[in-house]
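What's in data.cif: mmCIF, C-alpha atoms
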data_my_file
loop_
_atom_site.label_atom_id
_atom_site.label_comp_id
_atom_site.auth_asym_id
_atom_site.auth_seq_id
_atom_site.Cartn_x
_atom_site.Cartn_y
_atom_site.Cartn_z
CA MET D 1 -14.20 201.51 -151.65
CA ALA D 2 -14.95 204.94 -153.12
CA GLY D 3 -15.62 206.03 -156.67
CA LEU D 4 -16.81 209.06 -158.55
CA PRO D 5 -20.04 210.85 -157.60
CA ALA D 6 -23.04 209.47 -159.40
CA LEU D 7 -24.70 211.87 -161.83
CA ILE D 8 -28.43 212.23 -162.46
CA SER D 9 -28.87 214.08 -165.74
CA LYS D 10 -31.38 216.71 -166.77
CA GLY D 11 -33.42 214.20 -168.73
CA ASP D 12 -33.63 211.78 -165.83
CA VAL D 13 -34.62 214.53 -163.39
CA ALA D 14 -37.42 215.62 -165.73
CA ARG D 15 -38.65 212.04 -166.01
CA LEU D 16 -38.50 211.26 -162.30
CA LEU D 17 -39.82 214.46 -160.70
CA LEU D 18 -43.63 214.69 -160.86
CA TYR D 19 -45.82 217.53 -159.59
CA LYS D 20 -48.30 215.13 -158.00
CA HIS D 21 -45.53 214.03 -155.63
CA LEU D 22 -43.73 217.37 -155.36
CA LEU D 23 -46.63 219.67 -154.42
CA PRO D 24 -47.66 217.99 -151.15
CA LYS D 25 -44.02 217.53 -150.07
CA LEU D 26 -43.23 221.20 -150.64
CA GLU D 27 -46.35 222.33 -148.83
CA VAL D 28 -45.31 220.36 -145.75
CA ALA D 29 -41.74 221.71 -145.96
CA LEU D 30 -42.92 225.33 -146.25
CA GLY D 31 -45.08 224.92 -143.18
CA GLN D 32 -42.22 223.37 -141.24
CA PHE D 33 -39.86 226.16 -142.27
CA SER D 34 -42.23 228.85 -141.01
CA LYS D 35 -42.26 227.32 -137.54
CA HIS D 36 -38.62 228.50 -137.36
CA ASN D 37 -37.58 225.55 -135.25
CA THR D 38 -33.90 224.88 -135.92
CA SER D 39 -34.22 221.42 -134.48
CA GLU D 40 -36.34 220.58 -137.55
CA ILE D 41 -34.91 222.70 -140.38
CA ILE D 42 -31.54 224.40 -140.72
CA GLN D 43 -31.35 226.77 -143.66
CA PRO D 44 -29.24 229.93 -143.80
CA VAL D 45 -30.15 232.73 -146.20
CA ARG D 46 -28.53 232.21 -149.59
CA THR D 47 -24.85 233.17 -149.77
CA VAL D 48 -24.17 235.32 -152.83
CA VAL D 49 -20.86 235.75 -154.64
CA PRO D 50 -20.98 238.64 -157.17
CA ILE D 51 -19.65 238.01 -160.68
CA ALA D 52 -19.66 241.67 -161.70
CA LYS D 53 -17.41 241.13 -164.73
CA HIS D 54 -20.16 239.05 -166.33
CA ASN D 55 -23.21 240.79 -164.77
CA GLY D 56 -24.11 237.85 -162.59
CA PHE D 57 -23.70 236.17 -159.25
CA LEU D 58 -23.28 232.71 -157.75
CA GLY D 59 -25.72 231.64 -155.05
CA LEU D 60 -25.02 228.85 -152.56
CA MET D 61 -28.12 227.32 -150.95
CA PRO D 62 -27.52 224.66 -148.28
CA ALA D 63 -30.27 223.09 -146.19
CA TYR D 64 -30.75 220.25 -143.71
CA ILE D 65 -34.21 218.83 -143.00
CA VAL D 66 -33.52 217.05 -139.73
CA HIS D 67 -36.48 214.70 -139.26
CA GLU D 68 -36.18 213.40 -142.84
CA ASP D 69 -32.37 213.42 -142.68
CA ILE D 70 -32.02 215.27 -145.98
CA LEU D 71 -28.78 217.21 -146.44
CA CYS D 72 -28.53 219.15 -149.67
CA THR D 73 -26.99 222.18 -151.29
CA LYS D 74 -27.53 223.90 -154.60
CA MET D 75 -25.07 226.05 -156.49
CA VAL D 76 -26.84 228.39 -158.89
CA ALA D 77 -25.47 231.12 -161.14
CA PHE D 78 -27.75 233.99 -162.25
CA TYR D 79 -26.95 236.44 -165.05
CA GLY D 80 -28.56 239.60 -166.34
CA ARG D 81 -28.35 238.93 -170.08
CA GLU D 82 -28.75 241.42 -172.88
CA GLN D 83 -31.95 241.05 -174.89
CA GLY D 84 -31.43 238.46 -177.58
CA SER D 85 -28.49 236.78 -175.84
CA THR D 86 -28.17 233.05 -176.48
CA LEU D 87 -26.40 232.48 -173.15
CA PRO D 88 -28.46 230.97 -170.30
CA SER D 89 -29.65 233.29 -167.53
CA THR D 90 -29.36 230.54 -164.89
CA GLN D 91 -27.30 227.40 -164.40
CA ALA D 92 -27.66 225.16 -161.36
CA THR D 93 -26.29 221.96 -159.85
CA VAL D 94 -27.75 220.15 -156.83
CA LEU D 95 -25.74 217.99 -154.44
CA LEU D 96 -27.56 215.51 -152.20
CA PHE D 97 -25.35 214.18 -149.38
CA ASP D 98 -25.40 211.22 -147.07
CA PRO D 99 -25.80 213.21 -143.81
CA GLU D 100 -24.30 210.46 -141.64
CA ARG D 101 -21.04 210.13 -143.55
CA GLY D 102 -20.78 213.56 -145.16
CA CYS D 103 -19.25 211.77 -148.13
CA VAL D 104 -18.60 213.36 -151.48
CA LEU D 105 -17.91 210.11 -153.33
CA VAL D 106 -19.93 207.01 -154.17
CA THR D 107 -19.70 204.43 -151.39
CA VAL D 108 -19.99 200.86 -152.56
CA GLN D 109 -20.87 198.22 -149.95
CA MET D 110 -20.17 194.58 -150.54
CA GLN D 111 -23.81 193.57 -150.61
CA PRO D 112 -26.16 192.88 -153.56
CA TYR D 113 -26.75 196.65 -153.69
CA PHE D 114 -24.52 199.68 -153.30
CA ARG D 115 -25.05 202.91 -151.46
CA VAL D 116 -24.50 206.34 -152.97
CA SER D 117 -23.28 208.91 -150.48
CA LEU D 118 -23.53 211.88 -152.81
CA GLN D 119 -25.80 212.56 -155.75
CA VAL D 120 -24.89 215.21 -158.28
CA MET D 121 -28.01 216.33 -160.13
CA ASP D 122 -28.68 218.73 -162.94
CA GLY D 123 -30.35 221.63 -161.13
CA GLU D 124 -32.17 223.37 -163.99
CA VAL D 125 -35.23 221.12 -163.93
CA ILE D 126 -35.35 220.99 -160.13
CA THR D 127 -35.16 224.80 -159.94
CA ALA D 128 -37.86 225.31 -162.55
CA MET D 129 -40.26 222.73 -161.16
CA ARG D 130 -39.94 223.45 -157.44
CA THR D 131 -40.25 227.21 -158.07
CA ALA D 132 -43.39 226.72 -160.15
CA ALA D 133 -44.82 224.30 -157.58
CA VAL D 134 -44.37 226.82 -154.75
CA SER D 135 -46.07 229.49 -156.88
CA ALA D 136 -48.97 227.09 -157.40
CA ILE D 137 -49.20 226.51 -153.64
CA SER D 138 -49.39 230.30 -153.14
CA ALA D 139 -52.17 230.49 -155.72
CA LYS D 140 -54.11 227.67 -154.08
CA LEU D 141 -54.09 229.65 -150.86
CA LEU D 142 -54.42 233.23 -152.13
CA MET D 143 -55.97 233.51 -155.60
CA PRO D 144 -59.64 234.49 -156.08
CA ALA D 145 -62.11 231.65 -155.63
CA LYS D 146 -63.30 231.86 -159.25
CA ALA D 147 -60.06 232.59 -161.10
CA GLU D 148 -60.59 232.36 -164.86
CA ILE D 149 -57.69 234.19 -166.52
CA LEU D 150 -54.01 233.32 -166.05
CA CYS D 151 -51.36 235.79 -167.22
CA ILE D 152 -47.65 234.93 -167.58
CA LEU D 153 -45.11 237.71 -168.10
CA GLY D 154 -42.00 236.04 -169.48
CA SER D 155 -41.58 233.02 -171.74
CA GLY D 156 -38.46 231.12 -170.66
CA HIS D 157 -37.99 227.88 -168.72
CA GLN D 158 -39.74 229.23 -165.64
CA ALA D 159 -42.71 230.33 -167.76
CA ILE D 160 -43.05 226.81 -169.16
CA SER D 161 -42.83 225.11 -165.75
CA HIS D 162 -45.37 227.57 -164.32
CA TYR D 163 -47.73 226.98 -167.24
CA ASP D 164 -47.43 223.23 -166.74
CA VAL D 165 -48.17 223.13 -163.02
CA PHE D 166 -50.86 225.83 -163.08
CA THR D 167 -52.80 224.22 -165.93
CA GLN D 168 -52.43 220.78 -164.33
CA THR D 169 -53.58 222.02 -160.92
CA PHE D 170 -56.22 224.62 -161.79
CA THR D 171 -58.73 225.28 -164.56
CA PHE D 172 -58.54 228.58 -166.45
CA LYS D 173 -60.70 229.78 -169.32
CA GLU D 174 -57.83 231.77 -170.83
CA VAL D 175 -54.03 231.80 -170.58
CA ARG D 176 -52.14 234.87 -171.77
CA VAL D 177 -48.41 235.37 -172.27
CA TRP D 178 -46.23 238.38 -172.97
CA ASN D 179 -42.53 238.79 -173.63
CA PRO D 180 -40.72 241.92 -174.86
CA ARG D 181 -39.58 239.76 -177.79
CA LYS D 182 -42.84 238.66 -179.38
CA GLU D 183 -41.17 235.79 -181.21
CA SER D 184 -40.19 234.32 -177.83
CA ALA D 185 -43.79 234.50 -176.65
CA GLU D 186 -44.95 232.85 -179.87
CA LEU D 187 -42.39 230.06 -179.41
CA PHE D 188 -43.68 229.54 -175.88
CA ALA D 189 -47.26 229.32 -177.18
CA SER D 190 -46.24 226.70 -179.76
CA THR D 191 -44.30 224.68 -177.17
CA VAL D 192 -46.87 224.22 -174.39
CA GLN D 193 -49.78 221.79 -174.52
CA GLY D 194 -52.83 224.03 -174.72
CA PRO D 195 -54.20 227.29 -176.13
CA VAL D 196 -52.34 230.49 -175.26
CA THR D 197 -53.09 234.07 -176.23
CA VAL D 198 -49.92 235.97 -177.19
CA CYS D 199 -50.32 239.61 -176.16
CA SER D 200 -48.60 242.57 -177.77
CA SER D 201 -48.04 244.42 -174.48
CA ALA D 202 -47.69 243.57 -170.81
CA LYS D 203 -50.66 245.80 -170.05
CA GLU D 204 -52.86 243.90 -172.50
CA ALA D 205 -51.86 240.61 -170.89
CA VAL D 206 -52.42 241.81 -167.32
CA GLU D 207 -55.71 243.72 -167.49
CA GLY D 208 -58.56 241.59 -166.16
CA ALA D 209 -56.31 238.66 -165.20
CA ASP D 210 -57.08 236.85 -161.94
CA VAL D 211 -53.63 235.29 -161.54
CA ILE D 212 -50.45 236.98 -162.77
CA ILE D 213 -47.04 235.28 -162.85
CA THR D 214 -43.90 237.34 -163.42
CA VAL D 215 -40.96 235.22 -164.57
CA THR D 216 -38.82 237.79 -166.33
CA GLY D 217 -35.19 238.83 -166.26
CA ALA D 218 -36.21 242.44 -165.68
CA SER D 219 -34.27 244.76 -163.40
CA GLN D 220 -36.94 247.50 -163.66
CA PRO D 221 -40.72 247.13 -163.17
CA VAL D 222 -42.69 245.40 -165.91
CA LEU D 223 -45.92 245.03 -163.88
CA PHE D 224 -47.75 248.15 -162.69
CA GLY D 225 -50.41 248.36 -160.01
CA ASP D 226 -52.73 250.50 -162.13
CA TRP D 227 -53.14 247.54 -164.51
CA VAL D 228 -53.91 244.91 -161.89
CA LYS D 229 -57.48 243.83 -161.24
CA PRO D 230 -58.50 244.30 -157.58
CA GLY D 231 -58.34 240.96 -155.82
CA ALA D 232 -55.87 239.44 -158.28
CA HIS D 233 -53.02 237.25 -157.09
CA VAL D 234 -49.45 237.89 -158.28
CA ALA D 235 -46.67 235.31 -158.05
CA ALA D 236 -43.48 237.35 -158.48
CA VAL D 237 -40.60 235.02 -159.32
CA GLY D 238 -37.93 237.11 -161.04
CA ALA D 239 -35.82 239.97 -159.60
CA CYS D 240 -33.96 237.99 -156.96
CA THR D 241 -31.41 240.64 -156.03
CA PRO D 242 -31.77 243.79 -153.87
CA ASP D 243 -31.44 246.13 -156.87
CA TRP D 244 -33.68 244.31 -159.38
CA ARG D 245 -37.45 244.48 -159.48
CA GLU D 246 -40.44 243.43 -161.57
CA LEU D 247 -43.30 245.19 -159.69
CA ASP D 248 -43.84 248.91 -159.20
CA ASP D 249 -44.37 250.78 -155.93
CA VAL D 250 -48.11 251.16 -156.49
CA LEU D 251 -48.67 247.41 -156.66
CA MET D 252 -46.31 246.60 -153.80
CA LYS D 253 -47.97 249.10 -151.48
CA GLN D 254 -51.59 248.31 -152.34
CA ALA D 255 -51.19 244.52 -152.11
CA VAL D 256 -50.95 242.18 -149.15
CA VAL D 257 -47.40 240.81 -149.53
CA TYR D 258 -46.45 237.24 -148.69
CA ALA D 259 -43.02 235.61 -149.07
CA ASP D 260 -41.45 232.17 -148.85
CA SER D 261 -38.95 233.53 -146.32
CA ARG D 262 -39.37 236.87 -144.55
CA GLU D 263 -35.66 237.00 -143.74
CA GLY D 264 -34.69 236.20 -147.32
CA ALA D 265 -37.12 238.74 -148.76
CA LEU D 266 -35.81 241.56 -146.58
CA LYS D 267 -32.26 240.77 -147.66
CA GLU D 268 -32.65 239.80 -151.32
CA SER D 269 -35.87 241.13 -152.86
CA GLY D 270 -35.57 244.42 -154.70
CA ASP D 271 -39.35 244.47 -155.08
CA ILE D 272 -39.70 244.64 -151.29
CA ILE D 273 -36.56 246.58 -150.36
CA LEU D 274 -36.89 249.36 -152.96
CA SER D 275 -40.65 249.82 -152.50
CA GLY D 276 -40.54 249.79 -148.71
CA ALA D 277 -43.42 247.29 -148.68
CA LYS D 278 -44.00 245.18 -145.59
CA VAL D 279 -44.08 241.39 -145.67
CA PHE D 280 -47.42 240.48 -144.12
CA ALA D 281 -46.65 236.78 -143.69
CA GLU D 282 -44.70 233.81 -144.95
CA ILE D 283 -46.68 231.41 -147.09
CA GLY D 284 -45.80 228.68 -144.59
CA GLU D 285 -47.60 230.65 -141.89
CA VAL D 286 -50.76 230.53 -144.00
CA ILE D 287 -50.27 226.77 -144.40
CA ASN D 288 -49.88 226.44 -140.62
CA GLY D 289 -52.97 228.55 -139.94
CA THR D 290 -51.01 231.18 -138.02
CA ALA D 291 -51.63 233.90 -140.63
CA PRO D 292 -54.75 234.56 -142.73
CA ALA D 293 -55.06 234.17 -146.48
CA HIS D 294 -56.54 237.43 -147.80
CA ARG D 295 -58.18 236.06 -150.95
CA GLU D 296 -60.53 239.05 -151.11
CA LYS D 297 -57.61 241.46 -151.49
CA THR D 298 -54.89 241.94 -154.09
CA THR D 299 -52.03 239.69 -153.03
CA VAL D 300 -48.38 239.36 -154.01
CA PHE D 301 -46.34 236.26 -153.28
CA LYS D 302 -42.64 237.11 -153.52
CA SER D 303 -40.77 233.93 -154.38
CA LEU D 304 -37.02 233.87 -153.87
CA GLY D 305 -36.44 230.14 -153.60
CA MET D 306 -35.06 228.24 -150.63
CA GLY D 307 -32.64 225.40 -150.05
CA ILE D 308 -35.33 223.23 -148.46
CA GLN D 309 -37.27 223.32 -151.73
CA ASP D 310 -34.24 221.93 -153.56
CA ALA D 311 -33.67 219.37 -150.80
CA VAL D 312 -37.22 218.02 -150.96
CA SER D 313 -37.10 217.89 -154.77
CA ALA D 314 -33.68 216.23 -154.88
CA LYS D 315 -34.74 213.56 -152.38
CA LEU D 316 -37.81 212.75 -154.47
CA VAL D 317 -35.62 212.38 -157.57
CA TYR D 318 -33.09 210.25 -155.70
CA ASP D 319 -35.73 207.93 -154.26
CA GLN D 320 -37.28 207.40 -157.69
CA TRP D 321 -33.88 206.92 -159.31
CA LYS D 322 -32.83 204.37 -156.69
CA SER D 323 -36.08 202.42 -156.97
CA GLN D 324 -35.71 202.11 -160.74
CA ARG D 325 -32.07 201.05 -160.86
CA PRO D 326 -31.34 197.43 -161.84
CA ALA D 327 -30.93 195.19 -158.81
CA HIS D 328 -27.63 193.45 -158.02
CA LYS D 329 -25.51 195.77 -160.16
CA SER D 330 -21.88 195.00 -159.51
CA THR D 331 -19.20 197.43 -158.45
CA ALA D 332 -17.38 196.94 -161.74
CA GLU D 333 -20.53 197.59 -163.76
CA GLU D 334 -21.24 200.76 -161.79
CA SER D 335 -17.68 202.04 -162.16
CA HIS D 336 -17.82 201.44 -165.91
CA GLN D 337 -21.18 203.22 -166.22
CA ILE D 338 -19.90 206.32 -164.42
CA LYS D 339 -16.67 206.46 -166.43
CA THR D 340 -18.44 206.18 -169.76
CA LEU D 341 -21.03 208.92 -169.20
CA ASP D 342 -21.55 211.20 -172.18
CA LYS D 343 -19.26 214.20 -171.66
CA SER D 344 -22.22 216.51 -172.31
CA GLN D 345 -23.63 215.37 -168.97
CA LEU D 346 -20.56 216.32 -166.94
#
Let me see the file written as structure tokens.
Amino acid sequence: MAGLPALISKGDVARLLLYKHLLPKLEVALGQFSKHNTSEIIQPVRTVVPIAKHNGFLGLMPAYIVHEDILCTKMVAFYGREQGSTLPSTQATVLLFDPERGCVLVTVQMQPYFRVSLQVMDGEVITAMRTAAVSAISAKLLMPAKAEILCILGSGHQAISHYDVFTQTFTFKEVRVWNPRKESAELFASTVQGPVTVCSSAKEAVEGADVIITVTGASQPVLFGDWVKPGAHVAAVGACTPDWRELDDVLMKQAVVYADSREGALKESGDIILSGAKVFAEIGEVINGTAPAHREKTTVFKSLGMGIQDAVSAKLVYDQWKSQRPAHKSTAEESHQIKTLDKSQL
């Protein structure tokens, strides 16, 4: 007997997904990906559908982690918004499938429990948290041994998730933030749990920083190599199309460049494509010990996001959700719960 797909809302995802569980899972997945063994992980490069009329695109990100039997896809829309726009720059939905059945509907078995063959999850929290967690993994491997100053360029959802995981995982003496709209940076500073210095310029925020995170919607460079302290680590998260960039040629050519996926970076990253910079290694290769971590040099980690990161995150959410659901819920009760969901969640 089939019903509607079950929905896990944004609030539930935020409650169920914890960095202490997510970080080690992602680190393992990144290492597995960089072995490039298709008997373990199947993940094509993101398929992109342009939405030129609205200055955006739709990305489709499927992945199958074979040994854990996780089949997942994310649909994410990106937009280049005008400054001051109240419209979101990203929207995402994650689908977690039953890989044996390939079902797209809830499957109810006549036992004291029921089995969900597809989970539909709000993707905003998953995207923000898994992206920030991968940046933190890059910093663990590549940032200077005595990093004291964290700089964040940008102040949106990704800035908040990066602040959260970096301040939970590492200890910094100072955290700086910059946004072209100072009021947005000030709102960020009042939102997070801890002291933040709001800087009046990107240069002021960057100079002397040991770790620099770029999470902007910029299509032209906002971070310049002449500002960056030698030996600093940069986690570059924005500019996920071939014609957008956050970092200038000077920085890209003087730094040792790492990526989550070499293939993805050479196809999607404007920072790499337009600068002509070479990808030295995937971060998973550093995890596996097949490529060195050049902590003594200026490093850039170009993050584009991968389907396996969503898959790992979605499975963690699903497992927590399933473990916390009331036992012996009847088919009728479940059907009623799904049909009476708040329309704002659909």
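Atom pair CA of Ile149 in chain D / CA of Pro230 in chain D has a distance of 13.5 Å (rounded to one decimal).
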Can you build me a table of range 120-213 of chain D residues sitting at most 12 Å from range 314-317 of chain D, with the closest atom pair per residue and its distance in Å to one decimal, using all atoms listed in the file, sorted by chain and residue number, as CSV?
residue,atom,partner,partner_atom,distance
D:Val120,CA,D:Ala314,CA,9.5
D:Met121,CA,D:Ala314,CA,7.7
D:Asp122,CA,D:Ala314,CA,9.8
D:Gly123,CA,D:Ala314,CA,8.9
D:Glu124,CA,D:Ala314,CA,11.7
D:Val125,CA,D:Ala314,CA,10.4
D:Ile126,CA,D:Ala314,CA,7.3
D:Thr127,CA,D:Ala314,CA,10.1
D:Met129,CA,D:Ala314,CA,11.2
D:Arg130,CA,D:Ala314,CA,9.9
**Fill in**
Residue with the minimum atom-to-atom distance to Gly156 in chain D, picked from D:Met75, D:Val286, D:Ala52, D:Ala185 with only C-alpha atoms counted, is D:Ala185
**Shortest interatomic distance to Val206 in chain D - which of D:Leu150, D:Gln193, D:Tyr258, D:Val165, counting only C-alpha atoms** = D:Leu150
**Item:** Nearest to Gln254 in chain D by atom-to-atom distance, counting only C-alpha atoms, from D:Pro221, D:Pro242, D:Gly231, D:Gly270
**Value:** D:Gly231
**Complete:** Of D:Ala202, D:Ala132, D:Pro144, D:His294, the one sitting nearest Gly238 in chain D when using all atoms listed in the file is D:Ala132
**Request:** Enumerate, as a list in words, the residues matched when the PyMOL selection byres ((chain D and resi 226) around 12) is run on the file above.
**Result:** Lys203, Val206, Glu207, Gly208, Val222, Leu223, Phe224, Gly225, Trp227, Val228, Lys229, Pro230, Leu247, Asp248, Asp249, Val250, Leu251, Met252, Lys253, Gln254, Ala255 and Thr298 of chain D
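Interatomic distance, CA of Ala209 in chain D against CA of Cys151 in chain D: 6.1 Å.
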